[in-house]
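Working notes, structure below.
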Amino acid sequence: MKNQNETNSFRGWYTGEHDLILSNLSTQKVTEDHVKPEPSDKDIFDESEKALRGVYDTTSNRRLKSYNLLYQISAVLFCIGLAFALVYTVSYLPSVGDKDTPANSSVVSERYIEKGLEETGATNIVSGMILTYRAFDTFGETNVLFISTICVMILLMLDERILHSRSGKEEEYESKMEFINDPILQTVAKVLCPIIFLFGIYVVLNGQLSPGGGFSGGAILGAGMILYVNAFGIKKTQRFFNESIYKVAKITALTLYGIIGSYFYIMGANGLNNHIPLGTPGSILSGGIILPIDIAVGIEVACTMYAFYALFKRGGL
Amino acid sequence: MTEFVSSFLTVILIILAVMVLLCLVRCVMGPRVTDRIVCVNMIGTLVVFMIAILAIKLEEGYLADICVIYAMISFLAVVVLCKVYLGVYLDRKNREFAALENDAEDLENVESIGNAEAVNATMNKETKEGSENVNA
Amino acid sequence: MSTLEIVCDVIGILLIILGLIIYLFQIIGLFKYKYILNRMHAAGMGDTLGLFLGLLGIILLCGLTFTSLKLGLVVLFLWFSSPTSSHLISKLEVCTNEEVGEHAEIQIDKEEDMQ
């Protein structure tokens with residue numbers, strides 16, 4: 001028995017069955033005296049009303065009233081002062097495209113602008129720069145998106161058993177309280193969601209030709225998903241985007257970025273005279289590694305946007 | 001793009017910017033939440049017009065993409081804001097109703113809540129009847 | 001410049017001015033009426049007709065290119081989404097305002113739903 005416990009202890013900890021430290025201690029059974037009854041709805045409501053009435057009472061508290069007035073006046077004055085200061089600073093900036101500014105006259109930016117097109121193959125110099133010359137920085141940013149969703153999942157995600165036990169009550173709650181069964185919104189969403197998804201894919205694929213790229217395209221795809229879930233409900237969305245698909249998509253996208261970009265991380269600047277085919281600038285299959293990386297970043301950002309919305313709203317995907 | 005058309009478009013931009021400020025005044029003044037949601041939507045549409053004018057004036061074709069994105073985001077904002085506010089309001093009303101129900105006081109408050117749930121119930125009924133007609 | 005271009009430019013400028021006048025009506029209506037459901041009539045006018053005339057004028061000014069097709073997509077999108085926003089906001093207003101009976105008549109079949 002003890003051998004089994006020791007060999008399965010890692011798996012038991014991983015799936016959450018028992019704790020490595022507490023599993024060897026025996027806990028006292030909780031008796032009825034120690035358990036406080038849960039506060040009823042009426043108690044919660046009474047407490048909140050009492051707090052609201054006591055704290056925000058302005059009729060009897062003259063100090064509070066004068067503080068409110070002072071706050072409003074000083075807020076307006078501060079905003080006007082800040083606006084003046086900012087406009088005054090902006091008037092000192094050089095005009096757009098001036099040759100004397102540090103950004104335009106340093107050696108690095110001149111080389112990027114001169115050799116950008118022939119070395120990266122991208123007509124849009126900005127995309128070429130952040131995804132070829134500075135691919136490692138962008139990889140760090142994509143990592144930040146990944147880590148932030150993990151943190152939100154740790155803090156806000158509810159256990160699967162609770163979500164399943166709630167799903168019956170959740171449907172009743174949704175149908176009574178929200179716009180789920182609104183026929184106008186559903187019809188319009190049926191027409192608009194395909195347009196939004198197609199437009200998002202168009203923006204993702206056009207990273208190297210015109211302003212766009214992975215980040216903005218991914219945001220549009222995420223917005224399309226949020227519209228779909230608002231119009232049709234969570235059950236229909238889970239038919240094509242649930243938690244397992246989300247996990248697979250996110251991890252695959254980040255790993256793909258890491259693997260594809262690793263050529264530049266290892267070779268450094270010597271990778272520029274490289275063997276990656278650049279294609280003709282101006283066509284869609286150009287730019288070397290920019291196109292696959294754009295697709296990976298787009299998937300990553302879309303999953304992030306939708307995951308934030310779903311986790312904050314119902315505690316699960 | 002002639003000089004005259006360019007300066008004409010600049011004047012239009014200035015007039016539109018003044019209109020955005022006026023919308024903002026109404027947004028701050030409006031007594032209810034729905035006033036503010038309508039004004040935010042209107043500011044979004046005005047900005048779409050301004051970006052389209054800029055796309056012509058500077059002769060950069062890709063600014064038209066931003067118009068589509070902005071229209072999309074402002075529509076989505078209205079949908080999500082309406083849902084969130086309705087959910088919060090009905091939640092608070094249900095809790096008030098549950099608190100008063102325990103006191104077993106007079107049921108006049110049923111009238112005020114019946115409004116919201118009755119509207120939802122009629123919409124659900126109409127959907128069910130509509131789908132029944134389609135299925136039949 | 002050929003006469004066709006001049007004519008197109010003039011018509012485009014006229015259409016933009018017309019769109020701006022409709023936006024002006026929208027702003028006047030926003031301040032004139034006293035209740036939100038009345039103001040929404042004015043708001044819907046600018047979102048659909050004002051933007052359509054304005055963008056049509058811009059398309060005429062710049063000629064038929066890929067850019068003008070994208071502006072046409074903007075008009076299509078806004079013609080679908082703006083009435084839906086009005087519908088949702090008015091539904092929210094009716095559901096959450098307790099004094100809505102003073103400003104407007106509401107017909108709900110209460111007997112069937114209170115069962």
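A note on labels: chains of the structure tokens are A, B, ... as shown, every chain counts residues from 1, and ligands are counted from 1 in their shown order.
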
For this session: Can you pull out every residue within 9 Å of B:Val38, counting only C-alpha atoms, but drop anything in the same chain fewer than 4 positions away, and send it as a list in words?
Result: Cys27, Val33, Thr34, Met42, Ile43 and Val78 of chain B; Ile36, Arg39, Met40, Ala43, Ser85, Ser86 and Ile89 of chain C

Write a file of the selected residues as a CSV table (one decimal), in the first residue's frame, keeping N, CA and C atoms.
```csv
chain,number,residue,atom,x,y,z
B,27,CYS,N,-23.0,63.0,-23.6
B,27,CYS,CA,-22.6,61.8,-22.9
B,27,CYS,C,-22.4,62.0,-21.4
B,33,VAL,N,-28.1,55.5,-18.1
B,33,VAL,CA,-27.0,54.7,-18.7
B,33,VAL,C,-27.2,54.6,-20.2
B,34,THR,N,-28.4,54.4,-20.7
B,34,THR,CA,-28.6,54.2,-22.1
B,34,THR,C,-28.3,55.5,-22.9
B,42,MET,N,-22.5,56.8,-31.3
B,42,MET,CA,-22.5,57.9,-32.2
B,42,MET,C,-21.1,58.4,-32.5
B,43,ILE,N,-20.3,58.5,-31.4
B,43,ILE,CA,-18.9,59.0,-31.5
B,43,ILE,C,-18.2,58.0,-32.4
B,78,VAL,N,-21.4,47.8,-27.9
B,78,VAL,CA,-22.8,48.0,-27.5
B,78,VAL,C,-23.4,46.7,-27.1
C,36,ILE,N,-34.7,59.3,-23.8
C,36,ILE,CA,-33.7,58.6,-24.6
C,36,ILE,C,-34.3,57.9,-25.8
C,39,ARG,N,-34.5,60.3,-28.5
C,39,ARG,CA,-33.2,60.7,-29.0
C,39,ARG,C,-32.7,59.6,-29.9
C,40,MET,N,-33.1,58.3,-29.7
C,40,MET,CA,-32.6,57.3,-30.5
C,40,MET,C,-33.0,57.3,-32.0
C,43,ALA,N,-30.5,59.4,-33.5
C,43,ALA,CA,-29.2,58.8,-33.6
C,43,ALA,C,-29.1,57.8,-34.7
C,85,SER,N,-28.1,47.6,-32.8
C,85,SER,CA,-27.7,48.3,-31.6
C,85,SER,C,-28.8,49.0,-31.1
C,86,SER,N,-29.6,49.7,-32.0
C,86,SER,CA,-30.8,50.5,-31.5
C,86,SER,C,-31.8,49.5,-30.8
C,89,ILE,N,-30.5,48.5,-27.4
C,89,ILE,CA,-30.5,49.6,-26.4
C,89,ILE,C,-31.9,49.9,-25.9
```

What's the 12 Å shell around A:Leu156, counting only C-alpha atoms, without same-chain residues fewer than 6 positions away, as a compact mmCIF listing (two decimals) with N, CA and C atoms, in the first residue's frame?
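Once written, out11.txt looks like this:
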```txt
# COMPACT_ATOMS: atom_id res chain seq x y z
N THR A 149 -2.48 34.58 -19.89
CA THR A 149 -3.69 33.76 -19.84
C THR A 149 -3.55 32.65 -18.81
N ILE A 150 -2.34 32.13 -18.63
CA ILE A 150 -2.18 31.09 -17.60
C ILE A 150 -2.47 31.67 -16.23
N ALA A 307 -10.34 33.83 -24.46
CA ALA A 307 -10.19 33.21 -23.15
C ALA A 307 -10.40 34.23 -22.04
N PHE A 308 -9.89 35.47 -22.22
CA PHE A 308 -10.12 36.49 -21.20
C PHE A 308 -11.61 36.73 -21.02
N TYR A 309 -12.34 36.85 -22.13
CA TYR A 309 -13.76 37.14 -22.02
C TYR A 309 -14.49 36.00 -21.31
N ALA A 310 -14.21 34.75 -21.73
CA ALA A 310 -14.95 33.63 -21.17
C ALA A 310 -14.59 33.41 -19.70
N LEU A 311 -13.30 33.60 -19.35
CA LEU A 311 -12.91 33.35 -17.97
C LEU A 311 -13.49 34.38 -17.03
N PHE A 312 -13.54 35.64 -17.48
CA PHE A 312 -14.12 36.65 -16.61
C PHE A 312 -15.62 36.49 -16.50
N LYS A 313 -16.26 35.96 -17.55
CA LYS A 313 -17.71 35.95 -17.53
C LYS A 313 -18.25 34.75 -16.77
N ARG A 314 -17.75 33.53 -17.07
CA ARG A 314 -18.37 32.39 -16.43
C ARG A 314 -17.39 31.49 -15.72
N GLY A 315 -16.10 31.81 -15.77
CA GLY A 315 -15.13 31.02 -15.02
C GLY A 315 -14.65 29.79 -15.74
N GLY A 316 -14.95 29.64 -17.01
CA GLY A 316 -14.47 28.46 -17.71
C GLY A 316 -14.67 28.64 -19.19
N LEU A 317 -13.98 27.80 -19.97
CA LEU A 317 -14.12 27.93 -21.42
C LEU A 317 -15.17 26.96 -21.93
```

For this session: Between B:Val11, B:Met72, B:Ala52, B:Asp65, single out the one closest to A:Ile226, counting only C-alpha atoms.
Result: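 Result for the nearest residue to A:Ile226: B:Met72.
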
Exercise. For chain B against chain C, which residues fall within 9 Å using only C-alpha atoms, given as JSON, numbers by chain?
Worked result: {"B": [1, 5, 8, 12, 15, 16, 19, 22, 23, 26, 30, 32, 33, 34, 35, 37, 38, 39, 41, 42, 45, 46, 48, 49, 52, 53, 55, 56, 59, 61, 62, 63, 64, 65, 67, 68, 69, 71, 72, 75, 78, 79, 82, 83, 85, 86, 89, 90, 112, 113, 114, 115, 116, 117, 118, 119, 120, 121, 122]}

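Take atom CA of A:Pro39 and atom CA of B:Asn102: the distance between them is 13.5 Å.
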
Problem set entry | Two-atom distance - atom CA of A:Phe146, atom CA of A:Ile245 (Å) |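 Distance reported for this atom pair: 15.3 Å.
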
For this session: Could you please tell me, as a PyMOL selection string, which residues of chain A have an atom within 8 Å of chain C when using only C-alpha atoms?
Result: chain A and resi 184-185+188+192

For this session: Please measure the separation of atom CA of A:Tyr112 and atom CA of A:Gly279, giving the value in Å to one decimal.
Result: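 A separation of 19.1 Å between them.
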
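The closest residue to chain B, picked from A:Gly261, A:Pro37, A:Gly224, A:Gly116 and counting only C-alpha atoms, is A:Gly224.
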
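Proximity ranking of B:Ala99, B:Ile51, B:Ile14, B:Leu58 relative to chain A places B:Ala99 first, based on only C-alpha atoms.
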